[in-house]
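Trainee: work-v8.csv is the file, holding CSV, C-alpha atoms and all ligand atoms:
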```csv
chain,number,residue,atom,x,y,z
N,28,MET,CA,14.5,38.4,39.4
N,29,ASN,CA,18.1,39.1,38.9
N,30,ARG,CA,19.8,39.8,35.6
N,31,ARG,CA,21.0,36.2,35.1
N,32,GLN,CA,17.5,34.8,35.6
N,33,TRP,CA,16.0,37.4,33.2
N,34,LEU,CA,18.6,36.5,30.5
N,35,PHE,CA,17.9,32.8,30.9
N,36,ARG,CA,14.1,33.3,30.5
N,37,ALA,CA,14.6,35.6,27.5
N,38,ILE,CA,16.6,33.0,25.7
N,39,SER,CA,14.8,29.8,26.8
N,40,MET,CA,11.2,30.8,26.3
N,41,PRO,CA,11.5,31.4,22.5
N,42,ALA,CA,13.6,28.3,22.1
N,43,LEU,CA,10.9,26.2,23.9
N,44,ALA,CA,8.2,27.8,21.7
N,45,VAL,CA,10.1,26.9,18.5
N,46,ALA,CA,10.8,23.4,19.7
N,47,GLY,CA,7.1,22.9,20.5
N,48,ALA,CA,6.0,24.1,17.1
N,49,ALA,CA,8.5,21.8,15.4
N,50,LEU,CA,7.3,18.8,17.4
N,51,GLY,CA,3.7,19.7,16.6
N,52,GLY,CA,4.5,19.8,12.9
N,53,ILE,CA,6.2,16.4,13.0
N,54,PHE,CA,3.3,14.9,14.9
N,55,ALA,CA,0.8,16.3,12.4
N,56,GLN,CA,2.8,14.8,9.5
N,57,VAL,CA,2.9,11.4,11.1
N,58,TRP,CA,-0.8,11.6,11.8
N,59,LEU,CA,-1.6,12.4,8.2
N,60,ALA,CA,0.7,9.7,6.8
N,61,ALA,CA,-0.9,7.1,9.1
N,62,GLY,CA,-4.3,8.0,7.6
N,63,ARG,CA,-3.0,7.6,4.1
N,64,PHE,CA,-1.9,4.1,4.8
N,65,SER,CA,-4.8,3.0,6.8
N,66,SER,CA,-5.9,-0.6,6.2
N,67,ARG,CA,-9.5,0.7,5.7
N,68,HIS,CA,-8.5,2.7,2.6
N,69,TRP,CA,-10.2,1.6,-0.6
N,70,SER,CA,-8.7,2.7,-4.0
N,71,ASP,CA,-10.4,3.0,-7.3
N,72,VAL,CA,-8.2,1.0,-9.7
N,73,THR,CA,-10.0,1.0,-13.1
N,74,ALA,CA,-13.2,0.5,-15.0
N,75,VAL,CA,-14.4,-3.1,-15.2
N,76,ASP,CA,-15.0,-2.7,-19.0
N,77,SER,CA,-11.3,-1.9,-19.5
N,78,LEU,CA,-10.2,-5.3,-18.3
N,79,PRO,CA,-9.6,-8.3,-20.6
N,80,GLU,CA,-11.7,-11.4,-20.4
N,81,GLN,CA,-8.7,-13.5,-19.4
N,82,GLY,CA,-5.3,-12.5,-18.1
N,83,THR,CA,-3.5,-10.2,-15.7
N,84,SER,CA,-3.5,-6.4,-15.7
N,85,ALA,CA,-0.8,-4.8,-13.5
N,86,PHE,CA,-1.3,-1.3,-11.9
N,87,PRO,CA,2.1,-0.6,-10.4
N,88,GLY,CA,1.0,2.9,-9.2
N,89,GLN,CA,-1.5,1.1,-6.9
N,90,ARG,CA,0.7,-1.8,-6.3
N,91,VAL,CA,-1.9,-4.3,-7.5
N,92,ALA,CA,-2.5,-6.7,-10.3
N,93,LEU,CA,-6.1,-7.6,-11.3
N,94,LEU,CA,-6.5,-11.2,-12.4
N,95,CYS,CA,-9.4,-11.8,-14.8
N,96,ARG,CA,-10.8,-15.3,-15.2
N,97,GLY,CA,-14.0,-14.9,-17.3
N,98,GLU,CA,-16.6,-13.3,-15.0
N,99,ASP,CA,-14.3,-13.4,-12.0
N,100,ILE,CA,-11.8,-10.7,-10.9
N,101,GLY,CA,-9.3,-11.1,-8.1
N,102,ALA,CA,-6.6,-8.7,-6.8
N,103,LEU,CA,-3.0,-9.7,-6.0
N,104,SER,CA,-0.6,-7.3,-4.2
N,105,LEU,CA,2.5,-6.4,-6.3
N,106,GLU,CA,4.6,-6.1,-3.1
N,107,CYS,CA,7.2,-8.8,-2.9
N,108,PRO,CA,6.8,-10.8,0.4
N,109,HIS,CA,10.6,-10.9,0.8
N,110,LEU,CA,11.4,-7.3,1.4
N,111,GLY,CA,8.6,-5.3,-0.2
N,112,CYS,CA,9.9,-4.4,-3.6
N,113,LEU,CA,7.5,-3.9,-6.4
N,114,VAL,CA,7.3,-7.1,-8.6
N,115,ASN,CA,6.9,-6.9,-12.3
N,116,ALA,CA,4.2,-8.7,-14.3
N,117,VAL,CA,5.9,-11.0,-16.9
N,118,ASP,CA,4.6,-13.6,-19.3
N,119,GLN,CA,5.0,-16.4,-16.8
N,120,GLY,CA,3.7,-14.6,-13.8
N,121,PHE,CA,5.6,-12.1,-11.6
N,122,PHE,CA,9.3,-11.4,-11.2
N,123,CYS,CA,10.9,-9.3,-8.4
N,124,PRO,CA,13.8,-7.2,-9.8
N,125,CYS,CA,15.4,-6.7,-6.3
N,126,HIS,CA,16.6,-10.3,-5.5
N,127,GLY,CA,15.0,-12.4,-8.3
N,128,SER,CA,12.0,-14.1,-6.7
N,129,GLU,CA,9.6,-15.6,-9.2
N,130,PHE,CA,5.9,-16.1,-8.8
N,131,ALA,CA,3.3,-17.9,-10.9
N,132,SER,CA,0.4,-16.0,-12.4
N,133,SER,CA,-1.6,-17.1,-9.4
N,134,GLY,CA,0.9,-15.4,-7.1
N,135,LYS,CA,2.3,-18.7,-5.9
N,136,VAL,CA,6.1,-18.4,-5.1
N,137,LEU,CA,8.2,-20.5,-7.6
N,138,SER,CA,11.7,-19.5,-6.4
N,139,GLY,CA,13.1,-17.4,-3.6
N,140,PRO,CA,14.4,-15.7,-1.7
N,141,ALA,CA,10.7,-15.0,-1.1
N,142,SER,CA,9.4,-17.7,1.1
N,143,ARG,CA,5.7,-17.2,0.6
N,144,ASP,CA,3.1,-16.3,-2.1
N,145,LEU,CA,2.0,-12.8,-3.1
N,146,ASP,CA,-0.8,-11.6,-1.0
N,147,TRP,CA,-4.4,-11.4,-2.1
N,148,LEU,CA,-6.3,-8.1,-1.5
N,149,PRO,CA,-9.9,-7.4,-0.8
N,150,VAL,CA,-11.6,-6.4,-4.1
N,151,ARG,CA,-15.1,-5.1,-4.9
N,152,ILE,CA,-17.0,-3.8,-7.9
N,153,GLN,CA,-19.0,-0.6,-7.5
N,154,ASN,CA,-20.6,1.5,-10.2
N,155,GLY,CA,-18.7,-0.3,-13.0
N,156,ARG,CA,-15.3,0.3,-11.3
N,157,VAL,CA,-12.9,-2.1,-9.6
N,158,TRP,CA,-11.8,-1.1,-6.0
N,159,ILE,CA,-9.2,-2.7,-3.9
N,160,GLN,CA,-8.5,-2.3,-0.2
N,161,GLY,CA,-4.8,-1.5,0.5
N,162,GLY,CA,-3.1,-2.6,3.7
N,163,THR,CA,-5.3,-5.6,4.2
N,164,ARG,CA,-4.0,-9.0,3.2
N,165,LEU,CA,-6.0,-12.2,2.6
N,166,ASP,CA,-4.7,-15.7,2.9
N,167,SER,CA,-6.8,-17.0,0.0
N,168,PRO,CA,-8.2,-15.5,-3.2
N,169,LEU,CA,-11.3,-13.4,-3.1
N,170,TRP,CA,-13.0,-13.5,-6.5
N,171,VAL,CA,-15.8,-11.1,-7.3
N,172,LYS,CA,-18.1,-11.1,-10.3
N,173,ARG,CA,-17.9,-8.5,-13.0
N,174,GLY,CA,-21.5,-7.7,-12.3
N,201,LIG,FE1,11.7,-9.3,-3.8
N,201,LIG,FE2,13.8,-9.6,-2.3
N,201,LIG,S1,12.4,-8.0,-2.3
N,201,LIG,S2,13.1,-10.9,-3.8
```
Mind turning the file's structure into structure tokens?
Ligand code: FES
Mentor:
Amino acid sequence: MNRRQWLFRAISMPALAVAGAALGGIFAQVWLAAGRFSSRHWSDVTAVDSLPEQGTSAFPGQRVALLCRGEDIGALSLECPHLGCLVNAVDQGFFCPCHGSEFASSGKVLSGPASRDLDWLPVRIQNGRVWIQGGTRLDSPLWVKRG
């Protein structure tokens, strides 16, 4: 090995090791993020007893609104179907602050630019708590009994 080859190896080997470690770190972060947003992820939203008999309770942190109709509970996504902004629960239903789409309290789109209704989410009651499954969208409402 001549001097030039030795110098090339002395510089390139540590650089390759650093690049490999950086790529490994990036891959690990992407892997962990994908797990957090998995469609199989169930989230505990609230206690059933804390919900009203009738009406809508919004949980922006979990991007969901729980609709209460007597014994029935359903879950609507608060993500606007236009570009994904978080819609606000208002007296008449839901309003998107980004571009002004309006939705009825049932999630039905009333005015655009959104071209479709809010998504329904899988919901279940377990041990007196309401759980929703993020990342999974339903075409029609799923109502569960308070139990
Ligand atoms: Fe809601 Fe555009 S993101 S109207």
Trainee: Show me, as a ChimeraX atom specification, the residues that have an atom within 8 Å of region 166-170 of chain N when counting only C-alpha atoms, minus same-chain residues fewer than 4 positions from it.
Mentor: /N:99-102,146-150
Trainee: Would you name the residues within 6 Å of ligand LIG 201 (chain N), counting all atoms listed in the file, and put them as a CSV table (one decimal) with C-alpha atoms, in the frame of the given file?
Mentor:
```csv
chain,number,residue,atom,x,y,z
N,107,CYS,CA,7.2,-8.8,-2.9
N,109,HIS,CA,10.6,-10.9,0.8
N,110,LEU,CA,11.4,-7.3,1.4
N,111,GLY,CA,8.6,-5.3,-0.2
N,112,CYS,CA,9.9,-4.4,-3.6
N,123,CYS,CA,10.9,-9.3,-8.4
N,125,CYS,CA,15.4,-6.7,-6.3
N,126,HIS,CA,16.6,-10.3,-5.5
N,127,GLY,CA,15.0,-12.4,-8.3
N,128,SER,CA,12.0,-14.1,-6.7
N,140,PRO,CA,14.4,-15.7,-1.7
N,141,ALA,CA,10.7,-15.0,-1.1
```
Trainee: In Å, with one decimal, what is the gap from CA of Pro79 (chain N) to CA of Asp118 (chain N)?
Mentor: 15.2 Å
Trainee: Please list as a compact mmCIF listing (two decimals) with C-alpha atoms, keeping the file's coordinate frame every residue within 10 Å of region 91-97 of chain N, counting all atoms listed in the file and excluding residues in the same chain fewer than 4 positions away.
Mentor:
```
# COMPACT_ATOMS: atom_id res chain seq x y z
CA VAL N 72 -8.20 1.00 -9.70
CA THR N 73 -10.00 1.00 -13.10
CA LEU N 78 -10.20 -5.30 -18.30
CA PRO N 79 -9.60 -8.30 -20.60
CA GLU N 80 -11.70 -11.40 -20.40
CA GLN N 81 -8.70 -13.50 -19.40
CA GLY N 82 -5.30 -12.50 -18.10
CA THR N 83 -3.50 -10.20 -15.70
CA SER N 84 -3.50 -6.40 -15.70
CA ALA N 85 -0.80 -4.80 -13.50
CA PHE N 86 -1.30 -1.30 -11.90
CA PRO N 87 2.10 -0.60 -10.40
CA GLY N 101 -9.30 -11.10 -8.10
CA ALA N 102 -6.60 -8.70 -6.80
CA LEU N 103 -3.00 -9.70 -6.00
CA SER N 104 -0.60 -7.30 -4.20
CA LEU N 105 2.50 -6.40 -6.30
CA GLU N 106 4.60 -6.10 -3.10
CA LEU N 113 7.50 -3.90 -6.40
CA VAL N 114 7.30 -7.10 -8.60
CA ASN N 115 6.90 -6.90 -12.30
CA ALA N 116 4.20 -8.70 -14.30
CA PHE N 121 5.60 -12.10 -11.60
CA SER N 132 0.40 -16.00 -12.40
CA SER N 133 -1.60 -17.10 -9.40
CA GLY N 134 0.90 -15.40 -7.10
CA ASP N 146 -0.80 -11.60 -1.00
CA TRP N 147 -4.40 -11.40 -2.10
CA LEU N 148 -6.30 -8.10 -1.50
CA VAL N 150 -11.60 -6.40 -4.10
CA VAL N 157 -12.90 -2.10 -9.60
CA ILE N 159 -9.20 -2.70 -3.90
CA GLY N 161 -4.80 -1.50 0.50
CA TRP N 170 -13.00 -13.50 -6.50
CA VAL N 171 -15.80 -11.10 -7.30
CA LYS N 172 -18.10 -11.10 -10.30
CA ARG N 173 -17.90 -8.50 -13.00
```
Trainee: Please indicate the distance in Å from CA of Gly88 (chain N) to CA of Asp71 (chain N), rounded to one decimal place.
Mentor: 11.6 Å
Trainee: Please work out which residues fall within 8 Å of (2.2, -17.2, -0.7), coordinates as given in the file, with only C-alpha atoms counting, and return them as number ranges by chain.
Mentor: N: 108, 134-136, 142-146, 166
Trainee: So which one's closest to Gly155 (chain N), N:Val45, N:Gln89, N:Val75, N:Gly139? Using all atoms listed in the file, please.
Mentor: N:Val75
Trainee: Mind giving me the straight-line distance from CA of His68 (chain N) to CA of Gln153 (chain N) in Å, one decimal?
Mentor: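 The value is 14.9 Å.
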